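Peer 1: Quick one: this structure, given as structure tokens, is what I'll be asking you about.
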Amino acid sequence: MSATNSNRHGVISAATYPSRRLLLQGGATVLLAVSAAGCDLLSTSPTNRPTSTGSGSNGKQSPELVTQVRSGKLPKLADRLPVTPLVVKPVDRVGSYGGTWRTALEGAADTSWLDRSIGYEQLLRWSPDGTKPLPNVAEKVRTEQDGRSYVFTLRRGMRWSDGEPFRVDDVIFAFEDVLGNTELSPVFPSDLTVGGKPPTVTRLDDHTLRVSFAEPFGLLLQRLCTPSATVLTASPKHYLERFHKKYNTDVLTLAKEGKFSTWVELFGARSDQWVNPDLPTVHGWRLTSALGKGSRVSAERNPFYFKTDTKGNQLPYIDRVTYRVVNNTETTLLLAMNGELDMHTRSINTLINKPVLARNRGKGDYHFVDITTDIMNQVVIMLNLAHEDPMLRAVFQNKNFRIGLSYAINRAEISDAVFQRQGEPWQVAPAKESTFYHERLATQYTEHDLDKARRYLDDAGYDTTNSDGIRLRPDGKPISFAVEIATGTPYPFMTDVMTLVKGYWRQVGVDLRIKSEDRSLFEERTAANKHDAAVWPGGGGLDDAILHPYCYFPSEAGSWFAVPWATWFLSGGSDGEQPPAPARKQMDLYRQANASVDAGQRKDLFRQVLDVAAEQFWVIGTVKASQSYGIVKNNVHNIPKSIPEAFYFNTPALTNPSQYFIG
């Protein structure tokens with residue numbers, strides 16, 4: 001089948017051609033691998049002389065690995081790479097081998113930065129701009145039955161970091177024996193289901209499997225690029241089956257010997273890639289010291305890594321990655337200012353810190369890279385439209401009431417006072433950089449106009465006030481409610497913003513109380529629908545909007561403006577509370593978008609979801625998040641000047657950190 005025909009039939013493929021090419025057609029992607037020949041095996045500068053073998057077998061490897069090959073500790077490069085390696089086109093140029101990437105973790109719970117820096121190798125991966133899925137561990141994918149079924153072809157000859165073959169059996173083990181085991185995973189990840197039903201997985205041969213669903217699942221390929229799918233390529237059956245009840249009848253004895261009370265605890269510890277350095281991996285670096293075992297976490301090059309550069313040289317270029325485990329952001333900031341972090345895009349990159357970091361660029365020998373964040377709103381105000389109190393529910397569901405509150409907010413003052421004059425008035429809507437930018441949704445009701453605010457509140461039916469000037473509900477009680485704010489988060493500015501909003505709303509006769517509480521209590525109360533209102537920064541501002549639409553309609557647990565409606569949606573109507581017709585329309589449109597394998601049709605359907613969001617104005621926005629930044633040492637190369645940032649992108653992982661080099 002030709003590449004053109006493959007694309008027309010919905011194939012994502014990494015075919016073998018004499019040279020590397022990137023073909024994009026109709027939303028499908030073809031990534032072609034190349035190889036290279038090497039001359040001086042001990043030089044740290046990879047060769048620029050390509051071959052046409054398609055295997056990378058004559059390319060270069062790091063001097064450390066050359067030494068291990070010569071001593072017999074490792075097979076030669078040709079036997080460690082897959083038949084068709086994944087080729088990474090360097091951002092700037094082919095790099096050189098060596099060095100250590102120094103970075104930091106803020107406590108033992110900061111596993112997200114481990115995931116984002118060295119822990120992202122899914123079946124498919126995001127393109128560097130975060131707009132489309134590309135081949136990764138899976139060499140190609142064929143869509144069947146209009147999205148009801150997908151056939152994945154894995155890379156022949158690919159290996160785990162211990163040298164064992166990576167096979168279809170590993171992926172099936174992850175689907176069936178990890179995610180599908182109710183003791184290990186009580187609930188199958190919703191991101192990998194459609195209609196609430198998990199897939200059926202069929203082994204076709206050692207390198208091919210079929211994943212089938214009861215209904216079309218057009219967004220599956222995008223979902224496989226997200227952190228939800230990490231387990232599918234992080235569960236080596238040959239290693240983990242020893243700790244699984246299904247495969248080892250003596251697993252309870254093993255658990256007892258390891259001082260675990262159950263086999264589930266044993267399996268959890270052994271399958272945790274950041275706690276167990278013995279767990280084989282497919283990542284560019286393999287752990288050499290565990291999280292929680294000291295003040296540092298270290299990783300070294302995986303000699304069986306499946307990627308090369310465009311000259312056939314095996315990646316990664318950097319020998320090791322070390323993480324300083326620190327107690328707070330202030331310590332991380334000090335490390336950055338002193339030039340002790342080689343590449344870092346997390347926690348320290350706030351507006352307040354930027355002037356300090358800018359002044360120290362010369363001393364620390366680093367520069368900034370732009371981070372385009374998916375946080376489309378610094379503080380989203382979610383009134384509980386499904387409140388247990390029917391009177392307060394009626395107040396919140398009154399659209400004119402919400403519009404009046406929005407007009408009362410002085411967004412320019414919030415920007416000046418809280419966000420260093422950064423950001424712009426913005427509702428809860430995708431950013432201009434997104435495929436799904438929606439001007440009306442983004443800009444409506446953002447003007448600061450107290451007269452309009454009062455007029456809309458009067459039109460809502462709340463034109464009578466008490467002696468304190470607070471508007472009255474139909475039952476004669478003042479309109480007074482609390483907004484719950486989680487503490488212990490990276491967003492302490494939420495309290496500052498809502499303190500200002502409290503004053504704005506008091507001016508128009510609405511009494512707002514601020515209720516700060518521990519994050520765990522906040523999550524417990526919102527999940528139980530016990531809150532009046534809640535706030536949080538708004539994600540889903542880039543092309544991840546279609547994967548993370550919780551602010552646009554009640555679609556998931558974080559839709560705190562109508563948790564029972566979201567529960568109804570997620571349960572297929574078997575639980576929760578049936579929402580009003582406009583929300584049900586959004587849900588139906590989203591189901592159609594989720595089912596469609598046509599990218600153009602998905603875009604059109606999701607824009608209709610946003611049309612309804614604009615009409616209903618479910619939630620209130622404040623100001624748009626400004627461009628963020630990361631820091632990079634001046635001797636670290638192949639890092640893009642601008643990087644999209646989102647939880648679903650595992651930023652900066654989508655930029656292929658294995659191509660970074662020091663020199």
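All residue names refer to the structure tokens as shown: chains lettered A, B, ... in order, residues numbered from 1 in each chain, ligands numbered from 1 in order.
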Can you tell me which residues surround stretch 323-329 of chain A at a distance of at most 7 Å, considering only C-alpha atoms, apart from same-chain residues fewer than 3 positions away, and format the answer as number ranges by chain?
Peer 2: A: 102-107, 295-298, 332-333, 347-348
Peer 1: Do you know which residues are at most 9 Å from A:Thr230 counting only C-alpha atoms, after dropping those on the same chain fewer than 4 positions away, and could you put them as a ChimeraX atom specification?
Peer 2: /A:119-123,224-226,234
Peer 1: Restricting the output to N, CA and C atoms, write the selected residues as a short mmCIF file (atom, residue, chain, number, x, y, z; two decimals), in the first residue's frame.
Peer 2:
data_model
loop_
_atom_site.label_atom_id
_atom_site.label_comp_id
_atom_site.auth_asym_id
_atom_site.auth_seq_id
_atom_site.Cartn_x
_atom_site.Cartn_y
_atom_site.Cartn_z
N GLY A 119 9.93 10.60 31.58
CA GLY A 119 8.99 9.49 31.72
C GLY A 119 7.90 9.41 30.69
N TYR A 120 8.12 9.96 29.50
CA TYR A 120 7.04 10.01 28.51
C TYR A 120 7.43 9.25 27.25
N GLU A 121 6.97 8.00 27.17
CA GLU A 121 7.13 7.21 25.94
C GLU A 121 5.88 6.35 25.77
N GLN A 122 4.84 6.95 25.17
CA GLN A 122 3.57 6.26 24.98
C GLN A 122 3.59 5.43 23.69
N LEU A 123 2.50 4.70 23.46
CA LEU A 123 2.35 4.04 22.17
C LEU A 123 2.44 5.07 21.05
N LEU A 224 -4.21 8.31 23.61
CA LEU A 224 -3.03 7.47 23.81
C LEU A 224 -1.75 8.28 23.94
N CYS A 225 -1.82 9.56 23.59
CA CYS A 225 -0.66 10.44 23.77
C CYS A 225 -0.60 11.05 25.17
N THR A 226 -1.62 10.85 25.97
CA THR A 226 -1.73 11.53 27.26
C THR A 226 -1.21 10.66 28.39
N ALA A 234 4.54 0.76 30.12
CA ALA A 234 5.34 0.76 31.35
C ALA A 234 5.08 -0.49 32.19
#
Peer 1: Of the candidates A:Pro90, A:Ser626, A:Ile470, A:Val171, which shows the shortest atom-to-atom distance to A:Pro640, using only C-alpha atoms?
Peer 2: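 Of all the options, A:Pro90 lies closest to A:Pro640.
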Peer 1: I need the strand (DSSP E or B) residues of stretch 355-521 of chain A per DSSP on the backbone, written as number ranges by chain.
Peer 2: A: 366-373, 377-383, 425, 465, 471-472, 478, 480-487, 511-518
Peer 1: Quick one: pull the distance between atom CA of A:Tyr504 and atom CA of A:Gln378, Å, one decimal.
Peer 2: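 Those two atoms sit 17.5 Å apart.
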Peer 1: If we count only C-alpha atoms, what is near A:Arg203 at a cut-off of 12 Å, once residues fewer than 4 positions away on the same chain are taken out, given as a PDB file with N, CA and C atoms, in the first residue's frame?
Peer 2:
ATOM      1  N   VAL A 151      -5.741  -1.163  14.800  1.00  0.00           N
ATOM      2  CA  VAL A 151      -4.680  -2.176  14.754  1.00  0.00           C
ATOM      3  C   VAL A 151      -3.345  -1.465  14.916  1.00  0.00           C
ATOM      4  N   PHE A 152      -2.606  -1.836  15.963  1.00  0.00           N
ATOM      5  CA  PHE A 152      -1.315  -1.237  16.274  1.00  0.00           C
ATOM      6  C   PHE A 152      -0.200  -2.206  15.900  1.00  0.00           C
ATOM      7  N   THR A 153       0.781  -1.698  15.198  1.00  0.00           N
ATOM      8  CA  THR A 153       1.984  -2.475  14.873  1.00  0.00           C
ATOM      9  C   THR A 153       3.149  -1.912  15.661  1.00  0.00           C
ATOM     10  N   LEU A 154       3.727  -2.728  16.522  1.00  0.00           N
ATOM     11  CA  LEU A 154       4.851  -2.304  17.335  1.00  0.00           C
ATOM     12  C   LEU A 154       6.152  -2.437  16.544  1.00  0.00           C
ATOM     13  N   ARG A 167       7.055  -6.683  23.435  1.00  0.00           N
ATOM     14  CA  ARG A 167       6.110  -7.374  22.558  1.00  0.00           C
ATOM     15  C   ARG A 167       4.674  -6.962  22.842  1.00  0.00           C
ATOM     16  N   VAL A 168       3.805  -7.411  21.974  1.00  0.00           N
ATOM     17  CA  VAL A 168       2.375  -7.196  22.142  1.00  0.00           C
ATOM     18  C   VAL A 168       1.894  -7.714  23.489  1.00  0.00           C
ATOM     19  N   ASP A 169       2.482  -8.814  23.952  1.00  0.00           N
ATOM     20  CA  ASP A 169       2.060  -9.399  25.227  1.00  0.00           C
ATOM     21  C   ASP A 169       2.193  -8.404  26.374  1.00  0.00           C
ATOM     22  N   ASP A 170       3.166  -7.498  26.294  1.00  0.00           N
ATOM     23  CA  ASP A 170       3.335  -6.489  27.343  1.00  0.00           C
ATOM     24  C   ASP A 170       2.167  -5.514  27.355  1.00  0.00           C
ATOM     25  N   VAL A 171       1.732  -5.103  26.173  1.00  0.00           N
ATOM     26  CA  VAL A 171       0.624  -4.151  26.081  1.00  0.00           C
ATOM     27  C   VAL A 171      -0.680  -4.821  26.520  1.00  0.00           C
ATOM     28  N   ILE A 172      -0.880  -6.065  26.125  1.00  0.00           N
ATOM     29  CA  ILE A 172      -2.085  -6.789  26.532  1.00  0.00           C
ATOM     30  C   ILE A 172      -2.081  -7.001  28.043  1.00  0.00           C
ATOM     31  N   PHE A 173      -0.924  -7.310  28.605  1.00  0.00           N
ATOM     32  CA  PHE A 173      -0.791  -7.451  30.058  1.00  0.00           C
ATOM     33  C   PHE A 173      -1.228  -6.161  30.744  1.00  0.00           C
ATOM     34  N   PHE A 175      -3.281  -3.803  29.540  1.00  0.00           N
ATOM     35  CA  PHE A 175      -4.725  -3.636  29.364  1.00  0.00           C
ATOM     36  C   PHE A 175      -5.522  -4.566  30.271  1.00  0.00           C
ATOM     37  N   GLU A 176      -5.192  -5.845  30.220  1.00  0.00           N
ATOM     38  CA  GLU A 176      -6.053  -6.850  30.852  1.00  0.00           C
ATOM     39  C   GLU A 176      -5.709  -7.137  32.308  1.00  0.00           C
ATOM     40  N   HIS A 207       3.917  -8.654  17.230  1.00  0.00           N
ATOM     41  CA  HIS A 207       4.092  -7.211  17.088  1.00  0.00           C
ATOM     42  C   HIS A 207       2.818  -6.485  16.685  1.00  0.00           C
ATOM     43  N   THR A 208       1.699  -7.177  16.654  1.00  0.00           N
ATOM     44  CA  THR A 208       0.458  -6.559  16.187  1.00  0.00           C
ATOM     45  C   THR A 208      -0.697  -6.915  17.113  1.00  0.00           C
ATOM     46  N   LEU A 209      -1.498  -5.923  17.460  1.00  0.00           N
ATOM     47  CA  LEU A 209      -2.683  -6.165  18.271  1.00  0.00           C
ATOM     48  C   LEU A 209      -3.817  -5.275  17.790  1.00  0.00           C
ATOM     49  N   ARG A 210      -5.012  -5.737  18.066  1.00  0.00           N
ATOM     50  CA  ARG A 210      -6.219  -4.983  17.720  1.00  0.00           C
ATOM     51  C   ARG A 210      -6.898  -4.547  19.014  1.00  0.00           C
ATOM     52  N   VAL A 211      -7.271  -3.277  19.073  1.00  0.00           N
ATOM     53  CA  VAL A 211      -8.007  -2.724  20.211  1.00  0.00           C
ATOM     54  C   VAL A 211      -9.381  -2.325  19.693  1.00  0.00           C
ATOM     55  N   SER A 212     -10.427  -2.957  20.244  1.00  0.00           N
ATOM     56  CA  SER A 212     -11.786  -2.778  19.711  1.00  0.00           C
ATOM     57  C   SER A 212     -12.719  -2.218  20.774  1.00  0.00           C
TER      58      SER A 212
END
Peer 1: Of the candidates A:Phe617, A:Met382, A:Ala394, A:Ala255, which shows the shortest atom-to-atom distance to A:Pro474, using only C-alpha atoms?
Peer 2: A:Ala394
Peer 1: A:Pro549, A:Gly294, A:Gly503, A:Pro82: which is nearest A:Arg156, counting only C-alpha atoms?
Peer 2: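 Closest to A:Arg156 of all the choices is A:Pro82.
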Peer 1: Please, what distance in Å, to one decimal, runs between atom CA of A:Asp475 and atom CA of A:Ala534?
Peer 2: 24.1 Å
Peer 1: Would you mind listing, for every residue of stretch 211-319 of chain A within 12 Å of stretch 652-662 of chain A, the two atoms forming the shortest contact and the distance between them in Å to one decimal, using only C-alpha atoms, sorted by chain and ascending residue number, as a tab-separated table?
Peer 2:
residue	atom	partner	partner_atom	distance
A:Cys225	CA	A:Leu654	CA	9.4
A:Thr226	CA	A:Leu654	CA	10.3
A:Pro227	CA	A:Ala653	CA	11.0
A:His283	CA	A:Ser658	CA	9.0
A:Gly284	CA	A:Ser658	CA	6.2
A:Trp285	CA	A:Ser658	CA	8.5
A:Glu300	CA	A:Ser658	CA	11.7
A:Arg301	CA	A:Ser658	CA	9.5
A:Asn302	CA	A:Ser658	CA	10.5
A:Tyr305	CA	A:Ser658	CA	9.6
A:Phe306	CA	A:Ser658	CA	10.6
A:Lys307	CA	A:Ser658	CA	8.3
A:Thr308	CA	A:Gln659	CA	8.7
A:Asp309	CA	A:Gln659	CA	7.5
A:Thr310	CA	A:Gln659	CA	10.6
A:Asn313	CA	A:Gln659	CA	10.5
A:Gln314	CA	A:Ser658	CA	9.5
A:Leu315	CA	A:Ser658	CA	5.8
A:Pro316	CA	A:Ser658	CA	4.2
A:Tyr317	CA	A:Phe661	CA	5.6
A:Ile318	CA	A:Phe661	CA	5.6
A:Asp319	CA	A:Phe661	CA	9.3
